[in-house]
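Chemist: One structure follows; several queries about it will come next.
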Amino acid sequence: MLRSDYCGTLTEGDEGRLVSVCGWVASRREHGQHLAFVDLRDHTGIIQCVVDGAQDLRPEYVLRITGPVRRRKAGTANSALATGDVELGDCEVEVLSVAEPPPFPIGDRVEADETVRLRHRYLDLRRDRMQRNLRLRARVNSALRRSMEAQGFVEIETPMLIASTPEGARDFVVPSRLHPGSFYALPQSPQLFKQLCMVGGFDRYYQVARCLRDEDLRADRQFEFLQLDVEASFVDQEDVLGFITVAVAAATEEATGTAPAPFGRMTWAEASERYGTDKPDVRFGMELVDLTPVFSETGFNAFKAPAVKGIRVPGGGDTTRNRLDALTDKAKQFGAKGLVWMRVGPDRVLDSPVARFVSADEQASLAATLAADPGDLLLIVADERPKVNHVLGLLRLELGRPPVNDGGFNFLWVTEFPLFEGLGDDGRPIPAHHPFTMPHPDDVHLLESDPLAVRSQAYDLVLNGWELGSGSVRIHRRDVQERVLGLLGIGPEEAQARFGFLLDAFRYGAPPHAGFAFGIDRLVALLAGEENIREVIAFPKTQSGADPLTRAPQPLDPLQLAELGIRVLPPKA
RNA sequence: GGUCCUGUGGUGCAGUUUGGAGUGCACGCCGGCCUGUCAAGCCGGAGGUCGCGGGUUCAAAUCCCGUCAGGACCGCCA
């Protein structure tokens, strides 16, 4: 062992000890040939070392420094440093590695361009922010595992090279050398395998599972991500919510030092009506208010719609015309036909380009329903109800969303998702979760008569407006499964071809089971107070799915292609 | 597939609105001085394809078009 102590741990209690520390030169301060100070950094912090001024010691050199811990001379202590009362004196310095000047400063003082950070990620990782985040991630992972183990769950690994199933996201595919022309898919999740584990008698399964989806990247989405994947047999929805709540609360307490507030509960229908989304950020108000009754007999054509709803932006009355135009453009991009804005003036007089189309009674009722105060801004959208909710939900976030590290950790269970999210082009319902989701027991009779009204036993966990994960009670009864598949237009033959192995397995005694999976990257990002998950991933990809460090993806050598029986089409002209 | 923002010595920025010599700030880098600093200080110096291409103009970092890269978002993500 080259070191006896970590840099950041030395205190007055160590006075007199001869110690060896190892690390990188954070800064040097030279005072001629006879005196120089080197701040040596490791992941625990920084210690000042008094060294011979003649030595050429530059930033990021890797050193082993041996010297006695001594109290600093009176008046030279540095209260900004945890080790600021002591220093290593009369140091012997071993240069373990020299270093070129880094392309960006390693200190956290200056933010560096993200492309440069990713291209030299190994240097970025040296910085305090990434050290903190990745070490936090490790502790959260560990806490999750401990919690699942303590609850009697068994970790089982599932394969990475699997058969492609056409549902859901786009698969990453891997060509097979032994079966030219055939391909594996990388798992979008271990969904089907964990259900097979249930049939296999592992009644409490979990896995810290890597999942891959070939969809466009976002601040909260990478191609590859980590899920805590859970499934249990002989349990109901409440049991699953309990397991996950215990684990997530344990992880949160590990990260923050305090247990989170009790997790909230809300149905999907309530979330949609009040917040216009299935992942409401409940840290702030500005809830959607139904104005349909106000305009039930309106003469204003724009408000002759199945639903009219609005949000009140407190104090938003000074919003500039430019900004309002930009908001209108946003609303249109979100799918609205338009956006009606009204500034609330003194005595609740409404100032709006369309005010003259809205009767005095309607204006008064509108202001009262929205509880408008002078100085507020009102935003109103009229359209089909789901569209209105969607658009206003996004505008609400645009105008009111607090920074990610504001307002604590507001976990929220959203339950009773619809079984189907709408009708496809073929007129058949589209599963909101996946085709193995159990319908709500009270709604099973509606499956054929009114499928879109059928609630499911599916549920999401939401944290401050981020969807952490989702799960459901699965169908384990053959008759119900056949009815649902039939509704989806998947006949017995097609079902057999697509996931026959699961249906076959269910013929041999399938226990009732339910499960959940949530994104660990997202949880860690929020616990770390980061706006994007790249900050909690050691080697992430850019928004275009590239890695500036390794320059992936790359064209493949023609010989490799030939071995796989693959010919690449020329790029589109 | 789409909307928006960004791109200026190694790094972080200003300059772009209203075209006029690569004009400025801070850090870093190189050399010198310096025995108690701590983002050390002082003196001197080097370092530029203003992302790239085209256009407009007497003249483009600045205006226009295209393109590349990065970011935020819509679509997409059972």
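Here's how to read the names in the structure tokens: chain A, B, ... by the order shown, residue numbers from 1 in each chain, ligand numbers from 1 in the order shown.
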Report as a Markdown table: every residue of chain B with an atom at most 6 Å from chain A, its closest pair of atoms, and their distance in Å to one decimal, counting only C-alpha atoms (C1' of nucleotides), with rows sorted by chain and ascending residue number.
Modeler:
| residue | atom | partner | partner_atom | distance |
| --- | --- | --- | --- | --- |
| B:G10 | C1' | A:Pro103 | CA | 5.8 |
| B:U11 | C1' | A:Phe104 | CA | 5.3 |
| B:C34 | C1' | A:Gly32 | CA | 5.2 |
| B:U35 | C1' | A:Leu35 | CA | 5.5 |
| B:A40 | C1' | A:Arg29 | CA | 5.9 |
| B:C77 | C1' | A:Glu215 | CA | 6.0 |
| B:A78 | C1' | A:Gly168 | CA | 4.0 |
Chemist: Would you pick out the contacts of region 467-473 of chain A at 7 Å or less, using only C-alpha atoms (C1' of nucleotides), so that residues sharing its chain but fewer than 4 positions from it are not included, and give the list as a list in words?
Modeler: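 What passes the distance filter is Asp236, Gln237, Lys279, Thr437, Met438, Gln457, Ala458, Tyr459, Asp460, Leu461, Val462, Leu463, His513, Ala514, Gly515, Phe516, Ala517, Phe518, Gly519, Arg522 and Leu523 of chain A.
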Chemist: Would you kindly return, as a ChimeraX atom specification, each protein, DNA or RNA residue with an atom no farther than 12 Å from any atom of Ile47 (chain A), considering only C-alpha atoms (C1' of nucleotides) and excluding same-chain residues fewer than 4 positions away?
Modeler: /A:5-11,19-28,37-43,65-67,69-70,72,77-78,80-89 /B:38
Chemist: So which residues of region 270-387 of chain A fall under strand (DSSP E) by DSSP, listed as a list in words?
Modeler: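 Assigned to strand (DSSP E), within region 270-387 of chain A: Val289, Asp290, Ala307, Val308, Lys309, Gly310, Ile311, Arg312, Val313, Val340, Trp341, Met342, Arg343, Val344, Leu350, Asp351, Leu377, Leu378, Leu379, Ile380, Val381, Ala382 and Asp383 of chain A.
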Chemist: Near C30 (chain B), counting only C-alpha atoms (C1' of nucleotides), which residues have an atom at most 12 Å away, once you skip same-chain residues fewer than 2 positions from it, shown as a ChimeraX atom specification?
Modeler: /B:28,32,44-47
Chemist: Keeping only N, CA and C atoms (P, O5', C5', C4', C3', O3' and C1' of nucleotides), write those residues as a PDB file, in the first residue's frame.
Modeler:
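again-v6.pdb written:
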ATOM      1  P     G B  28      -4.228  30.605 -13.221  1.00  0.00           P
ATOM      2  O5'   G B  28      -4.067  29.574 -14.434  1.00  0.00           O
ATOM      3  C5'   G B  28      -4.507  28.232 -14.287  1.00  0.00           C
ATOM      4  C4'   G B  28      -4.432  27.522 -15.621  1.00  0.00           C
ATOM      5  C3'   G B  28      -3.036  27.392 -16.205  1.00  0.00           C
ATOM      6  O3'   G B  28      -2.330  26.284 -15.670  1.00  0.00           O
ATOM      7  C1'   G B  28      -4.528  28.159 -17.864  1.00  0.00           C
ATOM      8  P     G B  32      13.013  30.134 -16.005  1.00  0.00           P
ATOM      9  O5'   G B  32      12.987  31.649 -15.509  1.00  0.00           O
ATOM     10  C5'   G B  32      14.008  32.557 -15.910  1.00  0.00           C
ATOM     11  C4'   G B  32      13.734  33.939 -15.378  1.00  0.00           C
ATOM     12  C3'   G B  32      13.605  34.065 -13.864  1.00  0.00           C
ATOM     13  O3'   G B  32      14.855  34.061 -13.201  1.00  0.00           O
ATOM     14  C1'   G B  32      11.863  35.283 -14.909  1.00  0.00           C
ATOM     15  P     G B  44       4.789  43.822 -17.664  1.00  0.00           P
ATOM     16  O5'   G B  44       5.500  42.720 -18.559  1.00  0.00           O
ATOM     17  C5'   G B  44       6.698  43.035 -19.230  1.00  0.00           C
ATOM     18  C4'   G B  44       7.335  41.812 -19.817  1.00  0.00           C
ATOM     19  C3'   G B  44       6.554  41.097 -20.905  1.00  0.00           C
ATOM     20  O3'   G B  44       6.601  41.740 -22.166  1.00  0.00           O
ATOM     21  C1'   G B  44       7.428  39.508 -19.408  1.00  0.00           C
ATOM     22  P     G B  45       5.378  41.568 -23.202  1.00  0.00           P
ATOM     23  O5'   G B  45       5.513  40.054 -23.653  1.00  0.00           O
ATOM     24  C5'   G B  45       6.648  39.630 -24.381  1.00  0.00           C
ATOM     25  C4'   G B  45       6.640  38.130 -24.564  1.00  0.00           C
ATOM     26  C3'   G B  45       5.499  37.564 -25.397  1.00  0.00           C
ATOM     27  O3'   G B  45       5.738  37.700 -26.789  1.00  0.00           O
ATOM     28  C1'   G B  45       5.802  36.238 -23.459  1.00  0.00           C
ATOM     29  P     A B  46       4.498  37.707 -27.817  1.00  0.00           P
ATOM     30  O5'   A B  46       4.191  36.149 -27.994  1.00  0.00           O
ATOM     31  C5'   A B  46       5.188  35.275 -28.503  1.00  0.00           C
ATOM     32  C4'   A B  46       4.768  33.846 -28.282  1.00  0.00           C
ATOM     33  C3'   A B  46       3.455  33.447 -28.952  1.00  0.00           C
ATOM     34  O3'   A B  46       3.647  33.070 -30.310  1.00  0.00           O
ATOM     35  C1'   A B  46       3.435  32.732 -26.702  1.00  0.00           C
ATOM     36  P     G B  47       2.505  33.381 -31.389  1.00  0.00           P
ATOM     37  O5'   G B  47       1.297  32.480 -30.882  1.00  0.00           O
ATOM     38  C5'   G B  47       1.379  31.056 -30.966  1.00  0.00           C
ATOM     39  C4'   G B  47       0.233  30.430 -30.221  1.00  0.00           C
ATOM     40  C3'   G B  47      -1.155  30.811 -30.740  1.00  0.00           C
ATOM     41  O3'   G B  47      -1.537  29.983 -31.825  1.00  0.00           O
ATOM     42  C1'   G B  47      -1.080  31.030 -28.382  1.00  0.00           C
TER      43        G B  47
END
